[in-house]
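Peer 1: Provided below: data18.tsv, containing TSV, C-alpha atoms.
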```
chain	number	residue	atom	x	y	z
A	1	THR	CA	22.46	-27.88	-0.43
A	2	LEU	CA	25.54	-26.78	1.50
A	3	ARG	CA	27.42	-29.80	0.14
A	4	GLU	CA	26.70	-28.69	-3.44
A	5	VAL	CA	27.84	-25.16	-2.55
A	6	SER	CA	31.06	-26.60	-1.09
A	7	GLU	CA	31.71	-28.62	-4.25
A	8	LYS	CA	31.12	-25.60	-6.52
A	9	MET	CA	33.38	-23.43	-4.38
A	10	GLU	CA	36.14	-26.03	-4.76
A	11	GLN	CA	35.72	-25.81	-8.54
A	12	THR	CA	36.42	-22.05	-8.34
A	13	GLY	CA	39.73	-22.72	-6.58
A	14	GLU	CA	38.42	-21.60	-3.18
A	15	PRO	CA	37.78	-24.78	-1.14
A	16	LEU	CA	35.15	-24.22	1.54
A	17	PRO	CA	34.22	-27.23	3.72
A	18	VAL	CA	30.58	-27.76	4.67
A	19	SER	CA	31.44	-27.22	8.34
A	20	THR	CA	32.86	-23.79	7.49
A	21	LEU	CA	29.79	-22.92	5.40
A	22	VAL	CA	27.55	-23.77	8.36
A	23	ARG	CA	29.50	-21.36	10.58
A	24	ILE	CA	29.29	-18.63	7.91
A	25	GLU	CA	25.55	-19.21	7.52
A	26	GLN	CA	25.07	-18.95	11.30
A	27	GLY	CA	27.03	-15.70	11.42
A	28	LYS	CA	29.81	-17.23	13.52
A	29	LEU	CA	32.54	-16.77	10.89
A	30	ASP	CA	33.44	-13.89	8.56
A	31	PRO	CA	34.09	-15.42	5.09
A	32	GLY	CA	36.27	-12.49	3.96
A	33	VAL	CA	35.67	-10.27	0.94
A	34	ARG	CA	36.96	-12.73	-1.72
A	35	ARG	CA	34.89	-15.67	-0.47
A	36	LEU	CA	31.86	-13.45	0.09
A	37	HIS	CA	32.04	-12.27	-3.52
A	38	LEU	CA	32.22	-15.84	-4.82
A	39	LEU	CA	29.30	-16.91	-2.62
A	40	LEU	CA	27.19	-13.99	-3.86
A	41	VAL	CA	27.95	-14.95	-7.47
A	42	LEU	CA	27.14	-18.59	-6.72
A	43	TYR	CA	23.82	-17.72	-5.07
A	44	GLU	CA	23.09	-15.11	-7.79
A	45	ILE	CA	22.56	-12.35	-5.19
A	46	PRO	CA	23.29	-8.78	-6.40
A	47	ALA	CA	25.86	-7.26	-4.04
A	48	HIS	CA	24.05	-3.89	-3.91
A	49	LEU	CA	21.00	-5.55	-2.30
A	50	ILE	CA	22.89	-7.21	0.56
A	51	SER	CA	22.44	-4.28	2.93
A	52	ASP	CA	18.66	-4.32	2.33
A	53	LEU	CA	18.46	-8.07	2.98
A	54	VAL	CA	20.54	-7.76	6.15
A	55	GLU	CA	18.36	-4.89	7.35
A	56	LEU	CA	15.19	-6.97	6.89
A	57	GLU	CA	16.80	-9.94	8.66
A	58	GLN	CA	17.68	-7.67	11.58
A	59	LEU	CA	14.05	-6.55	11.81
A	60	ALA	CA	12.87	-10.17	11.94
A	61	VAL	CA	12.41	-11.79	15.35
A	62	GLU	CA	13.34	-15.41	16.19
A	63	GLU	CA	12.64	-18.04	13.54
A	64	PRO	CA	9.16	-19.61	13.97
A	65	GLU	CA	9.00	-23.18	15.31
A	66	ASP	CA	6.39	-24.35	12.80
A	67	LYS	CA	8.19	-25.20	9.54
A	68	SER	CA	5.09	-25.88	7.42
A	69	ILE	CA	5.18	-23.52	4.41
A	70	GLU	CA	1.38	-23.21	4.40
A	71	ARG	CA	1.28	-22.34	8.11
A	72	LEU	CA	4.25	-19.98	7.89
A	73	LEU	CA	2.62	-18.10	5.01
A	74	LYS	CA	-0.79	-17.85	6.71
A	75	ASP	CA	0.65	-16.65	10.04
A	76	GLY	CA	3.21	-14.39	8.35
A	77	LEU	CA	0.57	-12.51	6.34
A	78	GLU	CA	-1.63	-12.17	9.42
A	79	HIS	CA	1.26	-10.70	11.42
A	80	TRP	CA	2.05	-8.31	8.57
A	81	GLU	CA	-1.51	-7.01	8.22
A	82	ASN	CA	-1.67	-6.42	11.99
A	83	GLY	CA	1.54	-4.37	11.92
A	84	ASN	CA	3.77	-6.97	13.60
A	85	THR	CA	6.69	-6.33	11.25
A	86	GLY	CA	9.30	-8.49	12.99
A	87	GLU	CA	7.06	-11.56	13.25
A	88	GLY	CA	5.82	-11.18	9.67
A	89	LEU	CA	9.35	-10.95	8.25
A	90	ALA	CA	10.54	-13.89	10.35
A	91	HIS	CA	7.83	-16.10	8.85
A	92	LEU	CA	8.46	-14.96	5.26
A	93	LEU	CA	12.24	-15.36	5.61
A	94	ALA	CA	11.73	-18.86	7.04
A	95	ILE	CA	9.84	-19.82	3.86
A	96	ARG	CA	12.45	-18.24	1.57
A	97	ILE	CA	15.25	-20.56	2.76
A	98	GLN	CA	13.18	-23.74	2.29
A	99	ASN	CA	13.69	-26.05	-0.68
A	100	PRO	CA	10.25	-27.55	-1.51
A	101	GLN	CA	10.15	-30.93	-3.27
A	102	ASP	CA	6.51	-31.16	-4.37
A	103	ASN	CA	4.34	-28.96	-6.61
A	104	GLN	CA	2.04	-27.77	-3.81
A	105	SER	CA	4.96	-26.66	-1.64
A	106	ARG	CA	6.58	-24.91	-4.62
A	107	LEU	CA	3.32	-23.05	-5.24
A	108	MET	CA	3.15	-21.96	-1.59
A	109	LYS	CA	6.76	-20.78	-1.74
A	110	GLN	CA	5.97	-18.68	-4.82
A	111	LYS	CA	3.01	-17.14	-2.97
A	112	ALA	CA	5.40	-16.36	-0.12
A	113	CYS	CA	7.85	-14.76	-2.56
A	114	ILE	CA	5.13	-12.38	-3.76
A	115	ALA	CA	4.21	-11.61	-0.15
A	116	PHE	CA	7.87	-11.02	0.73
A	117	ALA	CA	8.25	-8.66	-2.24
A	118	ALA	CA	5.17	-6.74	-1.08
A	119	ALA	CA	6.61	-6.56	2.45
A	120	ALA	CA	9.97	-5.29	1.18
A	121	LYS	CA	8.18	-2.65	-0.91
A	122	ASP	CA	6.09	-1.56	2.08
A	123	LEU	CA	9.33	-1.04	4.02
A	124	GLY	CA	10.78	1.16	1.26
A	125	LYS	CA	12.98	-1.54	-0.32
A	126	ALA	CA	11.52	-1.34	-3.82
A	127	LYS	CA	14.69	-2.50	-5.61
A	128	LEU	CA	14.93	-5.59	-3.42
A	129	ALA	CA	11.23	-6.25	-4.02
A	130	LYS	CA	11.78	-6.01	-7.78
A	131	GLN	CA	14.72	-8.45	-7.58
A	132	LEU	CA	12.57	-10.98	-5.70
A	133	LEU	CA	9.88	-10.82	-8.40
A	134	ASP	CA	12.44	-10.95	-11.21
A	135	GLU	CA	13.69	-14.25	-9.77
A	136	LEU	CA	10.11	-15.52	-9.51
A	137	PHE	CA	9.25	-14.71	-13.14
A	138	LEU	CA	12.35	-16.63	-14.27
A	139	GLU	CA	11.36	-19.85	-12.42
A	140	PRO	CA	8.78	-19.37	-14.11
A	141	VAL	CA	5.81	-18.22	-12.04
A	142	ASP	CA	2.90	-20.65	-11.70
A	143	PRO	CA	0.05	-19.65	-14.09
A	144	SER	CA	-2.38	-19.41	-11.18
A	145	LEU	CA	-0.18	-16.69	-9.62
A	146	ALA	CA	0.70	-14.79	-12.81
A	147	ALA	CA	-1.91	-12.03	-12.36
A	148	THR	CA	-1.04	-11.47	-8.68
A	149	ALA	CA	2.71	-11.37	-9.41
A	150	LEU	CA	2.21	-8.92	-12.31
A	151	ILE	CA	0.04	-6.63	-10.17
A	152	GLN	CA	2.74	-6.57	-7.50
A	153	ALA	CA	5.37	-5.89	-10.19
A	154	SER	CA	3.26	-2.95	-11.38
A	155	VAL	CA	3.06	-1.57	-7.83
A	156	ILE	CA	6.85	-1.83	-7.46
A	157	TRP	CA	7.53	-0.16	-10.82
A	158	GLY	CA	5.25	2.65	-9.67
A	159	TYR	CA	7.24	3.02	-6.45
A	160	LEU	CA	10.45	3.11	-8.49
A	161	GLY	CA	9.05	5.97	-10.56
A	162	SER	CA	8.26	4.30	-13.90
A	163	VAL	CA	4.56	4.84	-14.65
A	164	GLU	CA	4.96	3.37	-18.16
A	165	MET	CA	6.32	0.05	-16.88
A	166	ALA	CA	3.70	0.04	-14.12
A	167	LEU	CA	0.94	0.49	-16.71
A	168	ALA	CA	2.39	-2.19	-18.99
A	169	THR	CA	2.55	-4.81	-16.23
A	170	VAL	CA	-0.92	-4.13	-14.83
A	171	ARG	CA	-2.36	-4.41	-18.36
A	172	GLN	CA	-0.60	-7.75	-18.75
A	173	ALA	CA	-2.11	-8.81	-15.42
A	174	SER	CA	-5.57	-8.13	-16.88
A	175	SER	CA	-4.90	-10.72	-19.60
A	176	HIS	CA	-4.65	-13.42	-16.88
A	177	LEU	CA	-7.92	-12.44	-15.18
A	178	GLN	CA	-10.37	-15.29	-14.65
A	179	ARG	CA	-14.12	-14.85	-14.93
A	180	GLY	CA	-15.73	-14.15	-11.54
A	181	ASP	CA	-12.41	-13.38	-9.82
A	182	HIS	CA	-13.52	-10.20	-8.03
A	183	GLU	CA	-10.46	-10.13	-5.76
A	184	THR	CA	-7.92	-9.96	-8.60
A	185	ARG	CA	-10.09	-7.58	-10.60
A	186	ALA	CA	-10.21	-5.31	-7.54
A	187	GLN	CA	-6.42	-5.38	-7.21
A	188	ILE	CA	-5.99	-4.47	-10.89
A	189	ARG	CA	-8.51	-1.62	-10.67
A	190	HIS	CA	-6.87	-0.46	-7.42
A	191	GLN	CA	-3.48	-0.20	-9.14
A	192	GLU	CA	-5.05	1.57	-12.11
A	193	ALA	CA	-6.52	4.14	-9.70
A	194	LYS	CA	-3.10	4.83	-8.19
A	195	LEU	CA	-1.47	5.19	-11.61
A	196	LEU	CA	-4.21	7.51	-12.88
A	197	LEU	CA	-3.58	9.69	-9.84
A	198	LYS	CA	0.15	9.72	-10.59
A	199	GLN	CA	-0.68	10.87	-14.12
A	200	GLY	CA	-2.72	13.78	-12.76
A	201	LYS	CA	-6.06	12.27	-13.85
A	202	ALA	CA	-7.82	12.73	-10.50
A	203	ALA	CA	-11.40	12.39	-11.78
A	204	ALA	CA	-10.63	9.08	-13.50
A	205	ALA	CA	-8.71	7.93	-10.41
A	206	LEU	CA	-11.73	8.70	-8.20
A	207	GLU	CA	-14.00	6.69	-10.51
A	208	ALA	CA	-11.53	3.77	-10.46
A	209	ALA	CA	-11.28	3.94	-6.65
A	210	ASP	CA	-15.08	3.77	-6.31
A	211	ASP	CA	-15.17	0.77	-8.67
A	212	THR	CA	-12.45	-0.88	-6.58
A	213	LEU	CA	-14.35	-0.34	-3.33
A	214	LYS	CA	-17.37	-2.20	-4.74
A	215	LEU	CA	-15.17	-5.07	-5.93
A	216	TYR	CA	-13.34	-5.40	-2.61
A	217	ARG	CA	-16.65	-5.43	-0.74
A	218	ARG	CA	-17.93	-8.15	-3.05
A	219	ALA	CA	-14.73	-10.12	-2.40
A	220	LYS	CA	-15.03	-9.40	1.37
A	221	ASN	CA	-11.50	-7.96	1.44
A	222	THR	CA	-11.51	-5.39	4.26
A	223	THR	CA	-7.78	-4.69	3.96
A	224	GLY	CA	-8.11	-3.78	0.29
A	225	GLU	CA	-11.20	-1.70	1.03
A	226	ALA	CA	-9.34	0.38	3.64
A	227	ARG	CA	-6.27	0.75	1.43
A	228	VAL	CA	-8.16	2.01	-1.61
A	229	MET	CA	-9.94	4.59	0.56
A	230	ILE	CA	-6.53	6.27	0.87
A	231	VAL	CA	-6.32	6.51	-2.93
A	232	LYS	CA	-9.89	7.84	-2.99
A	233	LEU	CA	-9.19	10.59	-0.45
A	234	ASP	CA	-6.06	11.64	-2.37
A	235	ALA	CA	-8.14	11.88	-5.56
A	236	GLN	CA	-10.82	13.91	-3.75
A	237	ALA	CA	-8.17	16.26	-2.36
A	238	ALA	CA	-6.62	16.66	-5.83
A	239	LEU	CA	-10.05	17.66	-7.17
A	240	GLY	CA	-10.34	20.30	-4.44
A	241	ASP	CA	-13.06	18.50	-2.45
A	242	ARG	CA	-11.21	18.51	0.88
A	243	GLU	CA	-14.35	18.01	2.99
A	244	ALA	CA	-15.11	14.76	1.16
A	245	ALA	CA	-11.45	13.74	1.49
A	246	VAL	CA	-11.56	14.29	5.27
A	247	ARG	CA	-14.74	12.18	5.55
A	248	THR	CA	-13.11	9.38	3.52
A	249	ALA	CA	-9.98	9.55	5.70
A	250	ARG	CA	-12.06	9.17	8.87
A	251	ARG	CA	-13.89	6.18	7.39
A	252	ALA	CA	-10.58	4.57	6.39
A	253	ILE	CA	-9.12	5.03	9.89
A	254	ARG	CA	-12.25	3.64	11.53
A	255	LEU	CA	-12.43	0.60	9.23
A	256	ALA	CA	-8.70	-0.17	9.61
A	257	GLU	CA	-8.78	0.14	13.39
A	258	GLU	CA	-11.94	-1.97	13.70
A	259	HIS	CA	-10.13	-4.80	11.90
A	260	ASP	CA	-6.67	-4.35	13.52
A	261	LEU	CA	-5.03	-3.29	10.25
A	262	GLY	CA	-2.20	-1.38	11.91
A	263	PRO	CA	-0.11	-0.16	8.92
A	264	VAL	CA	-3.23	0.82	6.92
A	265	ALA	CA	-4.62	2.75	9.89
A	266	THR	CA	-1.28	4.53	10.27
A	267	SER	CA	-1.17	5.53	6.59
A	268	ALA	CA	-4.76	6.75	6.71
A	269	ARG	CA	-4.10	8.76	9.89
A	270	MET	CA	-1.07	10.37	8.28
A	271	GLU	CA	-3.14	11.44	5.25
A	272	TYR	CA	-5.89	12.68	7.58
A	273	GLY	CA	-3.40	14.83	9.50
A	274	ARG	CA	-1.99	16.25	6.27
A	275	LEU	CA	-5.50	17.14	5.06
A	276	LEU	CA	-6.35	18.89	8.32
A	277	VAL	CA	-3.21	21.00	8.10
A	278	ASP	CA	-4.02	21.90	4.48
A	279	THR	CA	-7.51	23.05	5.53
A	280	GLY	CA	-6.09	25.27	8.28
A	281	GLU	CA	-6.81	22.99	11.26
A	282	PHE	CA	-3.16	23.06	12.29
A	283	GLU	CA	-3.34	21.93	15.92
A	284	GLU	CA	-5.51	18.88	15.24
A	285	GLY	CA	-3.61	18.07	12.03
A	286	LEU	CA	-0.20	18.16	13.75
A	287	ALA	CA	-1.54	15.94	16.53
A	288	GLU	CA	-2.73	13.35	13.97
A	289	LEU	CA	0.63	13.43	12.19
A	290	ARG	CA	2.48	12.92	15.48
A	291	ASP	CA	0.17	10.01	16.35
A	292	ALA	CA	0.86	8.45	12.94
A	293	LEU	CA	4.60	8.85	13.51
A	294	GLY	CA	4.35	7.16	16.92
A	295	GLN	CA	2.47	4.20	15.40
A	296	ALA	CA	5.03	3.90	12.59
A	297	VAL	CA	7.85	3.77	15.15
A	298	VAL	CA	6.12	0.92	17.00
A	299	GLN	CA	5.58	-0.90	13.69
A	300	GLU	CA	9.26	-0.30	12.72
A	301	ASP	CA	8.08	1.10	9.39
A	302	LYS	CA	10.80	3.41	8.06
A	303	LEU	CA	8.83	4.35	4.93
A	304	ILE	CA	5.90	5.75	6.93
A	305	GLN	CA	8.31	7.32	9.43
A	306	PHE	CA	9.93	9.18	6.54
A	307	HIS	CA	6.58	10.42	5.23
A	308	ALA	CA	5.37	11.42	8.70
A	309	HIS	CA	8.52	13.44	9.35
A	310	TYR	CA	8.27	14.94	5.85
A	311	HIS	CA	4.67	16.12	6.39
A	312	LEU	CA	5.50	17.40	9.88
A	313	TRP	CA	8.38	19.40	8.37
A	314	LYS	CA	6.05	20.93	5.77
A	315	SER	CA	3.38	21.58	8.40
A	316	TYR	CA	5.71	23.34	10.84
A	317	LEU	CA	6.88	25.55	7.98
A	318	GLN	CA	3.24	26.51	7.42
A	319	VAL	CA	2.74	27.47	11.09
A	320	ASP	CA	6.05	29.39	11.10
A	321	ASP	CA	7.86	27.19	13.62
A	322	PRO	CA	11.39	27.05	12.12
A	323	GLU	CA	13.00	25.13	15.02
A	324	ARG	CA	10.57	22.21	14.87
A	325	ALA	CA	10.59	22.34	11.09
A	326	ALA	CA	14.39	22.02	11.10
A	327	PHE	CA	14.21	19.02	13.45
A	328	GLU	CA	11.60	17.26	11.27
A	329	PHE	CA	13.63	18.04	8.14
A	330	GLN	CA	16.73	16.36	9.60
A	331	SER	CA	14.64	13.36	10.72
A	332	ALA	CA	13.08	13.00	7.27
A	333	LYS	CA	16.55	13.28	5.73
A	334	TYR	CA	17.76	10.43	7.98
A	335	PHE	CA	14.91	8.08	7.05
A	336	LEU	CA	15.19	8.93	3.35
A	337	SER	CA	18.55	7.11	3.35
A	338	PHE	CA	16.74	3.83	4.18
A	339	ILE	CA	14.27	3.85	1.29
A	340	ASP	CA	14.53	3.73	-2.50
A	341	SER	CA	10.87	4.32	-3.34
A	342	LYS	CA	10.40	7.40	-5.53
A	343	THR	CA	7.23	8.74	-3.96
A	344	GLU	CA	6.33	12.39	-4.51
A	345	ALA	CA	7.56	13.25	-1.00
A	346	ALA	CA	10.86	11.38	-1.50
A	347	GLN	CA	11.52	13.14	-4.81
A	348	ASP	CA	10.68	16.54	-3.32
A	349	MET	CA	12.98	15.89	-0.36
A	350	GLN	CA	15.82	14.79	-2.64
A	351	THR	CA	15.40	17.91	-4.77
A	352	VAL	CA	15.76	20.08	-1.67
A	353	LEU	CA	18.85	18.16	-0.55
A	354	ASP	CA	20.41	18.44	-4.02
A	355	ARG	CA	19.92	22.21	-3.98
A	356	GLU	CA	21.57	22.46	-0.57
A	357	THR	CA	24.62	20.38	-1.52
A	358	PRO	CA	27.37	22.15	-3.53
A	359	LYS	CA	28.08	20.36	-6.82
A	360	SER	CA	31.70	19.75	-5.84
A	361	ARG	CA	30.60	17.84	-2.73
A	362	ARG	CA	27.49	16.17	-4.13
A	363	ARG	CA	27.44	12.39	-3.98
A	364	SER	CA	24.91	9.88	-5.15
A	365	ARG	CA	22.71	8.35	-2.49
A	366	PRO	CA	23.94	4.98	-1.13
A	367	ARG	CA	20.71	3.26	-2.01
```
Spit out the file's structure as C-alpha cells when you get a sec.
Peer 2:
Amino acid sequence: TLREVSEKMEQTGEPLPVSTLVRIEQGKLDPGVRRLHLLLVLYEIPAHLISDLVELEQLAVEEPEDKSIERLLKDGLEHWENGNTGEGLAHLLAIRIQNPQDNQSRLMKQKACIAFAAAAKDLGKAKLAKQLLDELFLEPVDPSLAATALIQASVIWGYLGSVEMALATVRQASSHLQRGDHETRAQIRHQEAKLLLKQGKAAAALEAADDTLKLYRRAKNTTGEARVMIVKLDAQAALGDREAAVRTARRAIRLAEEHDLGPVATSARMEYGRLLVDTGEFEEGLAELRDALGQAVVQEDKLIQFHAHYHLWKSYLQVDDPERAAFEFQSAKYFLSFIDSKTEAAQDMQTVLDRETPKSRRRSRPR
C-alpha cells in the first residue's frame, strides 16, 4: 500500500507522505532523481526498463471502468487479438496494479502477467517481457500455469536471440503437460517449429508446423492455427517451395481476416508481400507490403512497422529504386530503436548500421 511505501521511504531517510506519493503516482508531481531511484529500488523495478513501461502506458487508453480481474483479462485478451492495442494494454495494466487477496484472484493476476508479457513481446519489448516472467516465476507461478509461462519464456528467449535457452524452457514446459491437453501441446509444438526453423532445420520445422495445425484445430484455437501457418509458409519458402508458401500465406490471411485477428492478418500479409517480391511479382508484392504497413500503423505495432519498412527497403533495392529504398531504410532505422527483439531482420539491419558508423563514433543502442 502507499502507506507502507511511505513508511519504508522514511526508513531510508527520505520521508515521503502518502499525499505526496498519490500526486507522484498520478503524474502531478516530479519526485526528483534521488527519490525516483529509491522508489525504483523499493518497487524492485530495473531502471533500464522504465522507458519501455512508460511507452506501453502511453499506448494504453483510459483505464477500464470494470475492475473485476476476470473481466479485465477476458476483455483485454479479446481487444489484443483484434488489434486494439491501446484497449488491450489498458486492461492488462489495470490488472497489474491490483493487489488480489484470494487464491482465485491471484491466479487470474498471474494469467494476466503472462498475457502482459506476451503483449510486451509482440510490441518488441522482449527484455521487459522477460522481466515480467522472471517476477512471476519467483512468486512462484501456480502449477496450473507453469507450462504456459514456460512456453512464453521460451518464445521470449527466442526473440532475445538465445535458441539454447528457448529450447531448454520449452522442454521444461513439456514436463508439465497434462494428458489430453491439446491446446498446451499445440503451443509447445508451435514453439518447437519456430526454433527448428531458427536452427535451419526447415523440413523438421514444416513437419512440426503441420502437427501443430492439427492440434490447434482439435483445440478449436483459430488464432493459433493462423499464427502457425506463418511458420509453415516460412519453412516452405526455406525449402524452396515458394508456390506452396504463397498458398499457405493466402490461407493464413483469409483465416485471420474471417475471425478479426488483426495483428495475425497483418503479419501474414507482410510475409505474403515478401514472398511475392522474392518470386518476381514486384508490383503486387510491394502493394501487399504497403498494406501491411498501413495496418501496423493503425494497430500501433512498432515491431511490425519495423519489419514492413525493412522488407520494403529490401524490395525497393531489388527493383532498383534507390530513393524509395533510402526512405524505407531510414524508417526501418527509426523503428529499430523501439525494439529489442533480435529477429533476423533486426540483426541484419544492425549489422548494416554498424558498418556505416565509424568505430570512433559508434555507440551502443539505447535499448
Peer 1: Between atom CA of A:Leu21 and atom CA of A:Leu92, what is the distance in Å, rounded to a tenth?
Peer 2: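 Answer for the atom CA of A:Leu21 to atom CA of A:Leu92 separation: 22.8 Å.
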Peer 1: Distance cut-off 8 Å, centre (11.8, -15.9, -5.4) in file coordinates, counting all atoms listed in the file: which residues qualify? Return them as number ranges by chain.
Peer 2: A: 96, 109-110, 113-114, 132-136
Peer 1: Go through A:His309, A:Lys28, A:His259, A:Arg3 one by one, measure the shortest atom-to-atom distance of each to A:Ala325 using only C-alpha atoms, and give the residue with the smallest value.
Peer 2: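 Closest residue, counting only C-alpha atoms: A:His309.
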Peer 1: Take atom CA of A:Asp211 and atom CA of A:Arg189 and report the distance between them in Å, one decimal.
Peer 2: 7.4 Å
Peer 1: Got a sec: who's within 6 Å of stretch 169-177 of chain A, counting all atoms listed in the file, leaving out chain neighbours fewer than 4 positions off, as an MDAnalysis selection string?
Peer 2: chainID A and resid 147 150:151 154
Peer 1: Find the distance between atom CA of A:Ala119 and atom CA of A:Ile230 and write it in Å to one decimal.
Peer 2: 18.4 Å
Peer 1: Between A:Gln98, A:Ser68, A:Ser331, A:Gln299, which has the minimum distance to A:His311 (counting only C-alpha atoms)?
Peer 2: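 Using only C-alpha atoms, the shortest distance to A:His311 belongs to A:Ser331.
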